Each structure stands twice: as structure tokens, then as C-alpha cells.
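Asker: So I've got this file, upload_12.cif, and it contains mmCIF, C-alpha atoms:
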```cif
data_input
loop_
_atom_site.label_atom_id
_atom_site.label_comp_id
_atom_site.auth_asym_id
_atom_site.auth_seq_id
_atom_site.Cartn_x
_atom_site.Cartn_y
_atom_site.Cartn_z
CA MET A 96 99.62 111.44 61.66
CA PRO A 97 103.02 109.82 61.16
CA PRO A 98 102.75 106.00 61.32
CA ASP A 99 104.09 105.61 64.87
CA ILE A 100 101.70 108.27 66.24
CA ALA A 101 98.78 106.80 64.28
CA ILE A 102 99.46 103.37 65.78
CA VAL A 103 99.46 104.84 69.30
CA PHE A 104 96.23 106.74 68.58
CA LEU A 105 94.43 103.69 67.14
CA LYS A 106 95.56 101.49 70.03
CA ALA A 107 94.36 104.12 72.51
CA LEU A 108 91.04 104.44 70.63
CA THR A 109 90.58 100.66 70.79
CA LEU A 110 91.21 100.65 74.54
CA SER A 111 88.92 103.65 74.94
CA SER A 112 86.20 101.78 73.03
CA LEU A 113 86.47 98.82 75.41
CA LEU A 114 86.31 101.09 78.45
CA ALA A 115 83.27 102.93 77.05
CA VAL A 116 81.24 99.69 77.11
CA VAL A 117 80.71 99.94 80.88
CA PRO A 118 79.18 103.46 81.00
CA LEU A 119 77.21 102.72 77.82
CA ALA A 120 75.72 99.65 79.48
CA LEU A 121 74.79 101.67 82.57
CA LEU A 122 73.14 104.38 80.45
CA TRP A 123 71.32 101.70 78.42
CA TYR A 124 69.91 100.33 81.67
CA LEU A 125 68.77 103.78 82.81
CA ASP A 126 66.79 104.15 79.57
CA ARG A 127 64.99 100.83 80.04
CA ARG A 128 61.42 102.11 80.48
CA GLU A 129 61.23 103.80 77.07
CA ARG A 130 64.15 102.67 74.97
CA GLU A 131 64.51 104.27 71.53
CA GLY A 132 66.94 101.73 70.08
CA ALA A 133 70.65 101.00 69.69
CA TRP A 134 70.92 103.06 66.50
CA LEU A 135 70.03 106.24 68.38
CA PHE A 136 72.60 105.47 71.08
CA ALA A 137 75.17 105.02 68.32
CA ALA A 138 74.16 108.31 66.65
CA ALA A 139 74.44 110.24 69.92
CA PHE A 140 77.78 108.60 70.75
CA LEU A 141 79.25 109.34 67.32
CA TRP A 142 78.04 112.94 67.40
CA GLY A 143 80.08 113.46 70.56
CA GLY A 144 83.09 111.56 69.23
CA CYS A 145 83.22 112.76 65.63
CA ILE A 146 81.09 115.87 65.09
CA ALA A 147 81.43 117.74 68.39
CA THR A 148 85.20 117.24 68.51
CA ALA A 149 85.52 118.48 64.91
CA LEU A 150 83.33 121.53 65.61
CA ALA A 151 85.25 122.45 68.76
CA LEU A 152 88.78 122.12 67.38
CA PRO A 153 89.02 125.22 65.13
CA PHE A 154 87.36 127.50 67.69
CA ASN A 155 89.58 126.25 70.51
CA THR A 156 92.67 126.65 68.33
CA ALA A 157 91.76 130.22 67.31
CA PHE A 158 91.07 131.27 70.90
CA PHE A 159 94.33 129.76 72.17
CA GLN A 160 96.25 131.64 69.47
CA LEU A 161 94.48 134.86 70.43
CA ILE A 162 95.37 134.44 74.12
CA ASP A 163 98.93 133.44 73.22
CA ALA A 164 99.39 136.67 71.24
CA TRP A 165 97.89 138.71 74.11
CA VAL A 166 100.17 137.11 76.70
CA ALA A 167 103.20 137.80 74.46
CA ARG A 168 102.39 141.53 74.71
CA HIS A 169 102.17 141.35 78.53
CA PRO A 170 105.35 139.73 79.88
CA ALA A 171 104.26 140.40 83.46
CA ILE A 172 101.65 137.65 83.09
CA THR A 173 104.31 135.14 82.06
CA ALA A 174 106.40 136.23 85.04
CA VAL A 175 103.53 135.32 87.37
CA LEU A 176 102.10 132.21 85.68
CA GLY A 177 105.17 130.83 83.94
CA PRO A 178 105.76 129.66 80.36
CA ASP A 179 102.32 128.00 80.11
CA ALA A 180 100.44 131.21 80.94
CA ALA A 181 98.48 131.20 77.67
CA THR A 182 97.26 127.65 78.22
CA LEU A 183 96.37 128.31 81.85
CA LEU A 184 94.28 131.35 80.86
CA ALA A 185 92.63 129.97 77.72
CA ALA A 186 91.66 126.49 78.95
CA PRO A 187 89.06 127.63 81.55
CA ILE A 188 87.34 129.91 79.01
CA SER A 189 87.51 128.42 75.52
CA ALA A 190 87.02 124.68 76.03
CA PRO A 191 84.07 124.88 78.48
CA ILE A 192 82.07 127.19 76.23
CA VAL A 193 83.00 125.81 72.80
CA GLU A 194 82.91 122.12 73.68
CA GLU A 195 79.73 122.24 75.74
CA VAL A 196 77.91 124.15 72.99
CA ALA A 197 79.16 121.69 70.35
CA LYS A 198 77.94 118.72 72.40
CA ALA A 199 74.67 120.44 73.28
CA LEU A 200 73.94 120.96 69.58
CA GLY A 201 73.91 117.18 69.16
CA VAL A 202 71.42 116.73 71.98
CA VAL A 203 69.21 119.50 70.57
CA LEU A 204 69.38 117.97 67.08
CA ILE A 205 68.33 114.55 68.32
CA PHE A 206 65.44 116.01 70.29
CA TRP A 207 64.36 118.16 67.35
CA LEU A 208 64.41 115.35 64.78
CA LEU A 209 62.74 112.81 67.09
CA ARG A 210 60.58 115.05 69.24
CA ALA A 211 57.79 112.49 69.55
CA GLU A 212 60.23 109.93 70.99
CA PHE A 213 61.52 112.13 73.81
CA ASP A 214 59.33 113.04 76.70
CA ASN A 215 61.14 113.71 79.93
CA MET A 216 64.21 114.52 81.97
CA ARG A 217 65.44 110.90 81.92
CA ASP A 218 65.62 110.93 78.11
CA GLY A 219 67.59 114.16 78.12
CA LEU A 220 69.96 113.06 80.85
CA VAL A 221 70.71 109.71 79.19
CA TYR A 222 71.26 111.00 75.67
CA GLY A 223 73.23 114.01 76.87
CA ALA A 224 75.47 111.61 78.78
CA VAL A 225 75.92 109.42 75.67
CA VAL A 226 76.99 112.45 73.60
CA GLY A 227 79.46 113.46 76.32
CA LEU A 228 80.78 109.91 76.55
CA GLY A 229 81.42 109.91 72.80
CA PHE A 230 83.43 113.12 73.16
CA ASN A 231 85.48 111.55 75.95
CA TRP A 232 86.00 108.41 73.82
CA VAL A 233 87.94 110.30 71.13
CA GLU A 234 89.52 112.92 73.38
CA ALA A 235 91.12 110.26 75.59
CA ALA A 236 92.83 108.70 72.57
CA LEU A 237 93.96 112.11 71.29
CA TYR A 238 95.56 112.96 74.62
CA VAL A 239 97.42 109.64 74.65
CA ALA A 240 98.80 110.45 71.20
CA GLN A 241 99.67 113.98 72.32
CA GLY A 242 101.50 112.66 75.37
CA TYR A 243 103.47 110.29 73.14
CA VAL A 244 104.51 113.20 70.88
CA GLN A 245 105.66 115.27 73.87
CA SER A 246 107.53 112.61 75.84
CA GLY A 247 108.04 109.59 73.61
CA VAL A 248 106.03 107.48 76.10
CA PRO A 249 102.30 106.89 75.37
CA PRO A 250 100.45 107.59 78.67
CA TYR A 251 97.78 104.91 78.25
CA GLY A 252 97.22 104.34 81.95
CA GLN A 253 97.30 107.98 82.98
CA GLU A 254 94.91 109.28 80.32
CA LEU A 255 92.52 106.34 80.03
CA GLY A 256 92.42 105.72 83.78
CA GLY A 257 91.82 109.39 84.56
CA ARG A 258 89.27 110.00 81.81
CA TYR A 259 87.27 106.87 82.59
CA ALA A 260 87.32 107.50 86.34
CA LEU A 261 83.96 107.25 88.09
CA LEU A 262 83.14 104.42 85.63
CA GLY A 263 83.23 106.92 82.78
CA LEU A 264 80.26 108.86 84.17
CA GLY A 265 82.21 111.97 85.20
CA GLY A 266 83.86 114.63 83.07
CA HIS A 267 82.29 115.19 79.66
CA THR A 268 79.62 112.57 80.34
CA LEU A 269 78.45 114.45 83.44
CA PHE A 270 78.70 117.88 81.82
CA THR A 271 76.46 117.13 78.85
CA ALA A 272 74.08 115.06 80.99
CA LEU A 273 73.35 118.22 82.99
CA PHE A 274 72.32 120.08 79.84
CA GLY A 275 70.30 117.11 78.60
CA ALA A 276 68.44 116.92 81.89
CA GLY A 277 67.51 120.59 81.59
CA LEU A 278 66.27 120.10 78.03
CA GLY A 279 64.30 117.02 79.04
CA LEU A 280 62.70 118.86 81.94
CA ALA A 281 61.57 121.57 79.52
CA LEU A 282 59.83 118.91 77.42
CA GLN A 283 57.94 117.27 80.28
CA THR A 284 56.68 120.37 82.09
CA LYS A 285 53.57 122.43 81.39
CA ARG A 286 55.03 125.59 82.97
CA THR A 287 56.14 128.08 80.32
CA TRP A 288 58.75 129.75 82.53
CA LEU A 289 60.34 126.38 83.32
CA ARG A 290 60.41 125.43 79.65
CA VAL A 291 62.49 128.52 78.97
CA LEU A 292 64.66 128.43 82.08
CA ALA A 293 65.50 124.70 82.38
CA PRO A 294 67.74 124.40 79.26
CA ILE A 295 69.50 127.66 80.17
CA VAL A 296 70.25 126.37 83.66
CA GLY A 297 71.37 123.05 82.17
CA ILE A 298 73.92 124.55 79.77
CA THR A 299 75.09 126.95 82.50
CA LEU A 300 75.75 124.04 84.87
CA ALA A 301 77.56 122.12 82.13
CA ILE A 302 79.83 125.06 81.33
CA ALA A 303 80.40 125.84 85.02
CA ALA A 304 81.44 122.26 85.85
CA HIS A 305 83.75 122.13 82.83
CA MET A 306 85.17 125.54 83.67
CA LEU A 307 85.88 124.49 87.26
CA ASN A 308 87.75 121.43 86.03
CA ASN A 309 89.91 123.44 83.62
CA ALA A 310 90.54 126.30 86.06
CA LEU A 311 92.22 124.18 88.74
CA PRO A 312 95.76 124.46 87.24
CA LEU A 313 95.31 128.24 86.96
CA LEU A 314 94.15 128.45 90.58
CA ALA A 315 97.15 126.37 91.67
CA ALA A 316 99.52 128.67 89.74
CA LEU A 317 97.95 131.77 91.30
CA ALA A 318 98.18 130.22 94.77
CA GLY A 319 101.85 129.46 94.18
CA ALA A 320 102.51 133.01 92.99
CA ALA A 321 100.75 134.41 96.06
CA ALA A 322 102.98 132.24 98.26
CA GLY A 323 106.07 133.59 96.54
CA GLU A 324 106.94 130.38 94.70
CA PRO A 325 108.60 130.72 91.28
CA PRO A 326 106.33 129.74 88.37
CA SER A 327 106.99 126.23 87.16
CA GLY A 328 104.41 125.79 84.39
CA LEU A 329 102.37 122.70 83.77
CA GLU A 330 103.84 119.37 84.83
CA PRO A 331 105.89 117.99 81.91
CA PRO A 332 104.91 114.59 80.52
CA GLY A 333 106.84 111.77 82.12
CA ALA A 334 106.61 108.03 82.52
CA ASP A 335 103.13 106.58 82.25
CA VAL A 336 101.36 105.76 85.50
CA GLY A 337 99.28 102.66 86.03
CA PHE A 338 95.66 102.54 84.94
CA LEU A 339 94.37 101.54 88.38
CA GLY A 340 96.17 104.37 90.16
CA ALA A 341 94.92 106.94 87.66
CA PHE A 342 91.39 105.49 87.83
CA LEU A 343 91.19 105.55 91.62
CA GLY A 344 92.83 108.96 91.90
CA GLY A 345 90.61 110.39 89.20
CA THR A 346 87.49 108.94 90.82
CA LEU A 347 88.34 110.48 94.19
CA PHE A 348 89.17 113.80 92.51
CA GLN A 349 85.84 113.92 90.63
CA LEU A 350 83.83 112.94 93.69
CA VAL A 351 85.32 115.89 95.57
CA VAL A 352 85.47 118.54 92.85
CA PHE A 353 82.21 117.72 91.07
CA LEU A 354 80.17 116.79 94.15
CA PRO A 355 77.54 119.57 93.72
CA PHE A 356 77.09 118.71 90.05
CA LEU A 357 76.92 114.98 90.78
CA LEU A 358 74.22 115.68 93.37
CA VAL A 359 72.22 117.67 90.78
CA ALA A 360 72.53 114.83 88.26
CA GLY A 361 71.59 112.25 90.90
CA PHE A 362 68.56 114.30 91.94
CA ALA A 363 67.48 114.63 88.30
CA LEU A 364 67.86 110.88 87.84
CA TRP A 365 65.76 110.15 90.94
CA ARG A 366 63.04 112.66 90.07
CA SER A 367 62.85 111.46 86.49
CA GLY A 368 62.29 107.91 87.71
CA LEU A 369 59.46 109.06 89.96
CA TRP A 370 57.91 110.99 87.05
CA GLU A 371 58.13 108.03 84.68
CA ARG A 372 56.50 105.58 87.08
CA ARG A 373 53.75 108.05 87.99
CA VAL A 374 52.91 108.84 84.35
CA ILE A 375 52.85 105.15 83.41
CA ARG A 376 50.60 104.37 86.37
CA GLU A 377 48.20 107.28 85.75
CA GLU A 378 47.97 107.16 81.96
CA LEU A 379 47.52 103.37 81.71
CA ALA A 380 44.80 103.22 84.38
CA ASP A 381 42.07 103.77 81.78
CA GLU A 382 43.69 101.27 79.39
CA VAL A 383 43.04 98.27 81.65
CA GLY A 384 41.12 95.67 79.66
CA HIS A 385 42.44 97.07 76.38
CA ALA A 386 46.13 97.89 76.05
CA VAL A 387 46.87 96.55 79.55
CA THR A 388 45.53 93.50 81.34
CA PRO A 389 44.49 93.70 85.02
CA GLY A 390 47.49 91.58 85.99
CA GLU A 391 49.87 93.77 84.04
CA TYR A 392 48.50 96.87 85.72
CA GLN A 393 49.12 95.31 89.13
CA ASP A 394 52.76 94.91 88.11
CA ILE A 395 52.78 98.56 86.97
CA ALA A 396 51.52 99.66 90.37
CA ARG A 397 54.26 97.61 92.08
CA ASP A 398 57.09 98.95 89.89
CA ARG A 399 60.05 100.36 91.82
CA ILE A 400 63.20 102.36 91.17
CA PHE A 401 65.57 99.48 90.28
CA ARG A 402 63.04 97.02 88.92
CA THR A 403 62.45 96.27 85.26
CA ARG A 404 58.89 95.14 84.59
CA ARG A 405 58.43 91.92 82.64
CA ILE A 406 55.25 90.16 81.55
CA SER A 407 55.16 86.58 82.77
CA GLY A 408 54.54 83.80 80.28
CA MET A 409 56.21 85.64 77.38
CA GLN A 410 59.59 85.37 75.75
CA ARG A 411 61.98 88.07 76.90
CA ARG A 412 62.06 89.91 73.57
CA THR A 413 58.27 89.90 73.18
CA SER A 414 57.79 90.98 76.77
CA SER A 415 60.26 93.86 76.35
CA ALA A 416 58.58 95.02 73.13
CA LEU A 417 55.12 94.94 74.70
CA VAL A 418 56.22 96.75 77.87
CA ASN A 419 58.01 99.38 75.80
CA ALA A 420 54.90 99.93 73.63
CA GLN A 421 52.75 100.36 76.74
CA HIS A 422 55.18 102.90 78.16
CA GLU A 423 55.34 104.75 74.83
CA LEU A 424 51.55 104.94 74.89
CA ALA A 425 51.57 106.34 78.43
CA PHE A 426 54.17 109.02 77.68
CA ARG A 427 52.47 109.99 74.42
CA LYS A 428 49.12 110.38 76.18
CA ARG A 429 50.73 112.66 78.77
CA ARG A 430 52.38 114.76 76.04
CA VAL A 431 49.07 115.16 74.18
CA ARG A 432 47.22 115.94 77.40
CA ASN A 433 49.78 118.63 78.30
CA GLU A 434 49.16 120.21 74.89
CA GLY A 435 45.44 120.43 75.67
CA LYS A 436 44.39 117.76 73.17
CA ASP A 437 42.47 114.49 73.40
CA PRO A 438 44.74 111.40 73.71
CA ALA A 439 41.91 109.18 72.39
CA ARG A 440 42.11 110.96 69.00
CA ASP A 441 45.88 111.24 68.74
CA ARG A 442 47.31 109.39 65.75
CA LEU A 443 50.54 108.32 67.46
CA ALA A 444 48.76 107.17 70.63
CA ASN A 445 46.45 105.04 68.49
CA HIS A 446 49.47 103.69 66.66
CA TRP A 447 50.87 102.41 69.96
CA ARG A 448 47.52 100.84 70.85
CA GLY A 449 47.64 99.05 67.49
CA GLU A 450 51.22 97.95 68.11
CA ILE A 451 50.22 96.46 71.47
CA LEU A 452 47.37 94.58 69.77
CA ARG A 453 49.74 93.30 67.08
CA LEU A 454 52.21 92.01 69.64
CA ARG A 455 49.46 90.15 71.51
CA GLN A 456 48.26 88.58 68.27
CA LEU A 457 51.80 87.47 67.47
CA LEU A 458 52.00 85.85 70.89
CA SER A 459 48.73 83.99 70.45
#
```
Spell out the structure here as C-alpha cells.
Answerer:
Amino acid sequence: MPPDIAIVFLKALTLSSLLAVVPLALLWYLDRREREGAWLFAAAFLWGGCIATALALPFNTAFFQLIDAWVARHPAITAVLGPDAATLLAAPISAPIVEEVAKALGVVLIFWLLRAEFDNMRDGLVYGAVVGLGFNWVEAALYVAQGYVQSGVPPYGQELGGRYALLGLGGHTLFTALFGAGLGLALQTKRTWLRVLAPIVGITLAIAAHMLNNALPLLAALAGAAAGEPPSGLEPPGADVGFLGAFLGGTLFQLVVFLPFLLVAGFALWRSGLWERRVIREELADEVGHAVTPGEYQDIARDRIFRTRRISGMQRRTSSALVNAQHELAFRKRRVRNEGKDPARDRLANHWRGEILRLRQLLS
């Protein structure tokens, strides 16, 4: 980039980084019952921001050039849709497929490399959302730089406010979360048909939501043509709008347009919480007196949707480590049981029992 554009991009990336803290904190909280560590969050985030964007760029560029050449041979299309006909036609097809597949590859890679650490729909939803948030992190800065090139005015408020609408949990974050939830559901279920179908439904929902978002300008252009209005093309870049106005407008827009997909994600989040609490309660019942004390099990039985269990009388860090080890033991036992094996003889389950013993010895 030329120096002036690079400065705009880096400033936008810095602001995007600050805005990403809020959705990252929310996703960190959602992963509280079986947290894999900050390094994995960082890896998922950087896959979305650095790898997925790099993978998507050449494919998107090639497809846009292909559509541009096709439109040039059919002037009637330009007469209907205007000078931006190629962009209007390519955006709803190329970006949803290419970008969602590129982001989904990151989620699949994380699950494949750390299969023993991922057990359920909550894991998939959270880490899919983190990958999508990373993609949004870089894309927001790129669009600010692009707007500066086109108009001479960097649209910080318009792009950052719109792309971090809904507290940063819409857009790319929502799209990839839908695929992650499907992949996570496939891992937690014993039904073979659901293991096959859930990831397919997840990636289909992700592509469909993304496609709907990108198709709206095309639908508006077609509606205008049907009403006899002359084609005007996409709105040219102008003066930057305020961050608050773009944030509120973008939030309202996403709540309306993505409502079915938000409901699916919300349902997956609710069901995954029920599954986690039930598995912890059932699988730790026979660990009372060993990995779990009677008092701790009473707290497990009282656990609720927004509560975070802590063990009284312990420092916060030790309590969190012990609770996490107990939950890891519960989820591992359920995984082994679903595979038709004996959790008492599983090496990783016994590792977590040993880790719980070690933490208690450290405390004493």
C-alpha cells in the first residue's frame, strides 16, 4: 500500500482490534465450562483474520473477473442493473461460498487437531464465531482503506460501526458460528445420520445467511428496474457517517434480516447449555467422594444457565482450574461412553482424575 493508505489501514485495524475485545469477551464467557485456553482463541481468531482472508481473495477475484467478462458480452444486463452489474451478480455467489468454506476449514482444522478437547455444540459455536470474528476484524479495516481510495475520506464510522453492529456477533461471526454449531452437534451425538447431516446443514445455513446479506443490493436493483426506475448503481462513497448511527442502524438491520439465523444460533446456544449441565451432572455422579466432593456435587446440581460454578474456600485461579478439570473429566467420560468403551479404563479420563488429585494436593 502507498504510505497514506497504509496509515489508514493500520489505524482502522487498531480500532477494529479494540472493538473486537467486546465480542471476544462474550465468547470467552460462553466457553466458561470447558475452556481450552487463550492460545486456542488466538489461533482461531488469526485463522479468520489472516488465513481465511488470504484463501478467499484469489478465488473471489477470479470469479468477479469471470462475471465482469460475461456481463461485458451481454449489454442488456448492464441496461437493467447499471454500471455495477458485475458486482451485484458476483457478490451473492462468490463471497458466500468461498469465504464460508475458507472459514469453515479453520474450524475443521482446529477440531481435527484437538479432537479430544472438543465435545459438543457449544465448542463448535464458540470457535466458529471466533474464526468469523477474526475475518471481520481484517475485512473491516480493508473496507475502510478501500473507501479512502475511492473517495479520499476514510469511512471509519460507517464501516466499523456497521461491521461491529450487534456487538460484533452478527455478520461473519454469526455465519461461521452456524457451521461450528453443526460440527459440534455431530461430535456430541450418537446418531450416525445426524453426524453426517449436522455439518452439512451448518455450512448451508452459513452460506445462505451470507448470500442473503450480499443479495440485498441486487434485489433492490431488480425492484427498481421492475418499477421502471433508471439504474443508478451502487451508492458512491461519500462523507463518513458517525459510528453510533452506523452501529444502531446496522444492529436494527441485522436483527430484521438475520432473525431466523439468530434464532437458530440462540436455540443452539440454549440447547448446548442444557447438554453441558446434564452431562456434567450425570457423569460426575459416580465420582462423588473421589474427583468430586459431596458439597461440590450439590453445587453441580444447582448450576444454572448464567451461573459460573466456583469452589468455596479456594483462590479463584485454583477453583477455576479444578472446576475445568472436573468438567473435562465429565465430557471425556461421555465421549468414551458414546464410543462404546469403558470410561474407567480410558487414559485421558484417568489423566483428568490425576489432575484433579494434583490440584487438591497443591491446595493442601
Asker: Which residues, written as an mmCIF file with C-alpha atoms, in the frame of the given file, have at least one atom at most 10 Å from Leu313 of chain A, with only C-alpha atoms counted and residues fewer than 6 positions away on the same chain left out?
Answerer:
```cif
data_model
loop_
_atom_site.group_PDB
_atom_site.id
_atom_site.type_symbol
_atom_site.label_atom_id
_atom_site.label_comp_id
_atom_site.auth_asym_id
_atom_site.auth_seq_id
_atom_site.Cartn_x
_atom_site.Cartn_y
_atom_site.Cartn_z
ATOM 1 C CA LEU A 176 102.100 132.210 85.680
ATOM 2 C CA ASP A 179 102.320 128.000 80.110
ATOM 3 C CA ALA A 180 100.440 131.210 80.940
ATOM 4 C CA THR A 182 97.260 127.650 78.220
ATOM 5 C CA LEU A 183 96.370 128.310 81.850
ATOM 6 C CA LEU A 184 94.280 131.350 80.860
ATOM 7 C CA ALA A 185 92.630 129.970 77.720
ATOM 8 C CA ALA A 186 91.660 126.490 78.950
ATOM 9 C CA PRO A 187 89.060 127.630 81.550
ATOM 10 C CA GLY A 319 101.850 129.460 94.180
ATOM 11 C CA GLY A 328 104.410 125.790 84.390
ATOM 12 C CA LEU A 329 102.370 122.700 83.770
#
```
Asker: Which distance in Å separates atom CA of Ala190 of chain A and atom CA of Pro249 of chain A, to one decimal?
Answerer: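 Here the two named atoms are 23.5 Å from each other.
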Asker: On this file, the PyMOL selection byres ((chain A and resi 115) around 10) gives some set of residues; write that set as a list in words.
Answerer: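 Evaluating the PyMOL selection byres ((chain A and resi 115) around 10) on this file yields Thr109, Leu110, Ser111, Ser112, Leu113, Leu114, Val116, Val117, Pro118, Leu119, Ala120, Val225, Leu228, Gly229, Asn231, Trp232, Tyr259, Leu262, Gly263 and Leu264 of chain A.
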Asker: Starting from the shown file, work through the PyMOL selection byres ((chain A and resi 274-278) around 9) and note down what comes out as a PyMOL selection string.
Answerer: chain A and resi 195+199+202-203+206+215-224+270-273+279-282+290+292-301+360+363-364
Asker: Identify all residues satisfying the PyMOL selection byres ((chain A and resi 194) around 9) in the given file; provide them as a ChimeraX atom specification.
Answerer: /A:147-148,150-152,155,189-193,195-199,302
Asker: Taking all atoms listed in the file into account, which of A:Pro97, A:Val239, A:Asn433, A:Ala320 comes nearest Thr287 of chain A?
Answerer: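 Of A:Pro97, A:Val239, A:Asn433, A:Ala320, the one nearest Thr287 of chain A, counting all atoms listed in the file, is A:Asn433.
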Asker: How far is it from atom CA of Gly390 of chain A to atom CA of Val418 of chain A, in Å with one decimal?
Answerer: 13.0 Å
Asker: Counting only C-alpha atoms, find residues at most 10 Å from (91.0, 121.7, 89.9) (file frame) and give them as a list in words.
Answerer: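 Checking each residue against the 10 Å limit leaves Met306, Leu307, Asn308, Asn309, Ala310, Leu311, Pro312, Leu313, Leu314, Ala315, Phe348, Gln349, Val351, Val352 and Phe353 of chain A.
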Asker: Enter the distance from atom CA of Ile400 of chain A to atom CA of Trp123 of chain A, in Å, rounded to one decimal.
Answerer: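 A separation of 15.1 Å between them.
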Asker: With distances taken over all atoms listed in the file, which of A:Val175, A:Val336, A:Leu452, A:Leu347 is nearest to His385 of chain A?
Answerer: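 Closest candidate: A:Leu452.
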Asker: List the spatial neighbours of Gln253 of chain A as a ChimeraX atom specification - criterion: any atom at most 12 Å away, all atoms listed in the file, same-chain residues fewer than 2 positions off excluded.
Answerer: /A:107,235-236,238-239,242-243,248-251,255-260,332-345
Asker: Considering all atoms listed in the file, can you say which of A:Val103, A:Ala181, A:Ala420, A:Leu135 comes closest to Leu161 of chain A?
Answerer: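 Selected residue with least distance to Leu161 of chain A: A:Ala181.
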Asker: Excluding same-chain residues fewer than 3 positions from Ala211 of chain A, what lies within 10 Å of it counting only C-alpha atoms, as a list of chain:residue names?
Answerer: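 My reading of the contact set: A:Phe206, A:Trp207, A:Leu208, A:Asp214, A:Glu423, A:Phe426, A:Arg427, A:Arg430, A:Leu443.
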Asker: From the set A:Phe104, A:Phe136, A:Phe362, A:Tyr124, which residue has the shortest atom-to-atom contact distance to Val233 of chain A, counting all atoms listed in the file?
Answerer: A:Phe104
Asker: Skip Met96 of chain A itself and residues of its chain fewer than 4 positions away, then list as a PyMOL selection string all residues within 12 Å of it, counting all atoms listed in the file.
Answerer: chain A and resi 100-105+237+240-241+244
Asker: Box for segment 335-342 of chain A: with edges along x, y and z, all listed atoms inside and 6 Å added on each side, what are the centre and edge lengths in Å to one decimal, as lines of an AutoDock Vina configuration file?
Answerer:
```
center_x = 97.3
center_y = 104.2
center_z = 86.2
size_x = 23.7
size_y = 17.4
size_z = 19.9
```
Asker: Please rebuild segment 208-227 of chain A with N, CA and C atoms and return the result as a PDB file, keeping the file's coordinate frame.
Answerer:
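Written out: part-v5.pdb:
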```pdb
ATOM      1  N   LEU A 208      64.769 116.291  65.841  1.00  0.00           N
ATOM      2  CA  LEU A 208      64.410 115.350  64.780  1.00  0.00           C
ATOM      3  C   LEU A 208      63.465 114.265  65.265  1.00  0.00           C
ATOM      4  N   LEU A 209      63.551 113.914  66.551  1.00  0.00           N
ATOM      5  CA  LEU A 209      62.740 112.810  67.090  1.00  0.00           C
ATOM      6  C   LEU A 209      61.941 113.302  68.290  1.00  0.00           C
ATOM      7  N   ARG A 210      61.292 114.421  68.124  1.00  0.00           N
ATOM      8  CA  ARG A 210      60.580 115.050  69.240  1.00  0.00           C
ATOM      9  C   ARG A 210      59.542 114.122  69.858  1.00  0.00           C
ATOM     10  N   ALA A 211      58.848 113.352  69.023  1.00  0.00           N
ATOM     11  CA  ALA A 211      57.790 112.490  69.550  1.00  0.00           C
ATOM     12  C   ALA A 211      58.341 111.347  70.403  1.00  0.00           C
ATOM     13  N   GLU A 212      59.635 111.040  70.255  1.00  0.00           N
ATOM     14  CA  GLU A 212      60.230 109.930  70.990  1.00  0.00           C
ATOM     15  C   GLU A 212      60.782 110.350  72.344  1.00  0.00           C
ATOM     16  N   PHE A 213      60.897 111.643  72.581  1.00  0.00           N
ATOM     17  CA  PHE A 213      61.520 112.130  73.810  1.00  0.00           C
ATOM     18  C   PHE A 213      60.499 112.889  74.638  1.00  0.00           C
ATOM     19  N   ASP A 214      60.414 112.531  75.893  1.00  0.00           N
ATOM     20  CA  ASP A 214      59.330 113.040  76.700  1.00  0.00           C
ATOM     21  C   ASP A 214      59.736 113.660  78.023  1.00  0.00           C
ATOM     22  N   ASN A 215      60.901 113.320  78.550  1.00  0.00           N
ATOM     23  CA  ASN A 215      61.140 113.710  79.930  1.00  0.00           C
ATOM     24  C   ASN A 215      62.614 113.919  80.235  1.00  0.00           C
ATOM     25  N   MET A 216      62.873 114.220  81.494  1.00  0.00           N
ATOM     26  CA  MET A 216      64.210 114.520  81.970  1.00  0.00           C
ATOM     27  C   MET A 216      65.131 113.311  81.855  1.00  0.00           C
ATOM     28  N   ARG A 217      64.605 112.108  82.036  1.00  0.00           N
ATOM     29  CA  ARG A 217      65.440 110.900  81.920  1.00  0.00           C
ATOM     30  C   ARG A 217      65.989 110.766  80.506  1.00  0.00           C
ATOM     31  N   ASP A 218      65.155 110.997  79.485  1.00  0.00           N
ATOM     32  CA  ASP A 218      65.620 110.930  78.110  1.00  0.00           C
ATOM     33  C   ASP A 218      66.756 111.918  77.871  1.00  0.00           C
ATOM     34  N   GLY A 219      66.567 113.151  78.326  1.00  0.00           N
ATOM     35  CA  GLY A 219      67.590 114.160  78.120  1.00  0.00           C
ATOM     36  C   GLY A 219      68.884 113.838  78.838  1.00  0.00           C
ATOM     37  N   LEU A 220      68.778 113.387  80.071  1.00  0.00           N
ATOM     38  CA  LEU A 220      69.960 113.060  80.850  1.00  0.00           C
ATOM     39  C   LEU A 220      70.745 111.928  80.196  1.00  0.00           C
ATOM     40  N   VAL A 221      70.043 110.881  79.769  1.00  0.00           N
ATOM     41  CA  VAL A 221      70.710 109.710  79.190  1.00  0.00           C
ATOM     42  C   VAL A 221      71.392 110.072  77.874  1.00  0.00           C
ATOM     43  N   TYR A 222      70.675 110.731  76.980  1.00  0.00           N
ATOM     44  CA  TYR A 222      71.260 111.000  75.670  1.00  0.00           C
ATOM     45  C   TYR A 222      72.290 112.120  75.722  1.00  0.00           C
ATOM     46  N   GLY A 223      72.150 113.055  76.653  1.00  0.00           N
ATOM     47  CA  GLY A 223      73.230 114.010  76.870  1.00  0.00           C
ATOM     48  C   GLY A 223      74.487 113.313  77.357  1.00  0.00           C
ATOM     49  N   ALA A 224      74.321 112.361  78.267  1.00  0.00           N
ATOM     50  CA  ALA A 224      75.470 111.610  78.780  1.00  0.00           C
ATOM     51  C   ALA A 224      76.132 110.795  77.671  1.00  0.00           C
ATOM     52  N   VAL A 225      75.345 110.218  76.771  1.00  0.00           N
ATOM     53  CA  VAL A 225      75.920 109.420  75.670  1.00  0.00           C
ATOM     54  C   VAL A 225      76.730 110.313  74.736  1.00  0.00           C
ATOM     55  N   VAL A 226      76.223 111.513  74.436  1.00  0.00           N
ATOM     56  CA  VAL A 226      76.990 112.450  73.600  1.00  0.00           C
ATOM     57  C   VAL A 226      78.307 112.806  74.293  1.00  0.00           C
ATOM     58  N   GLY A 227      78.247 113.129  75.587  1.00  0.00           N
ATOM     59  CA  GLY A 227      79.460 113.460  76.320  1.00  0.00           C
ATOM     60  C   GLY A 227      80.439 112.302  76.381  1.00  0.00           C
TER      61      GLY A 227
END
```
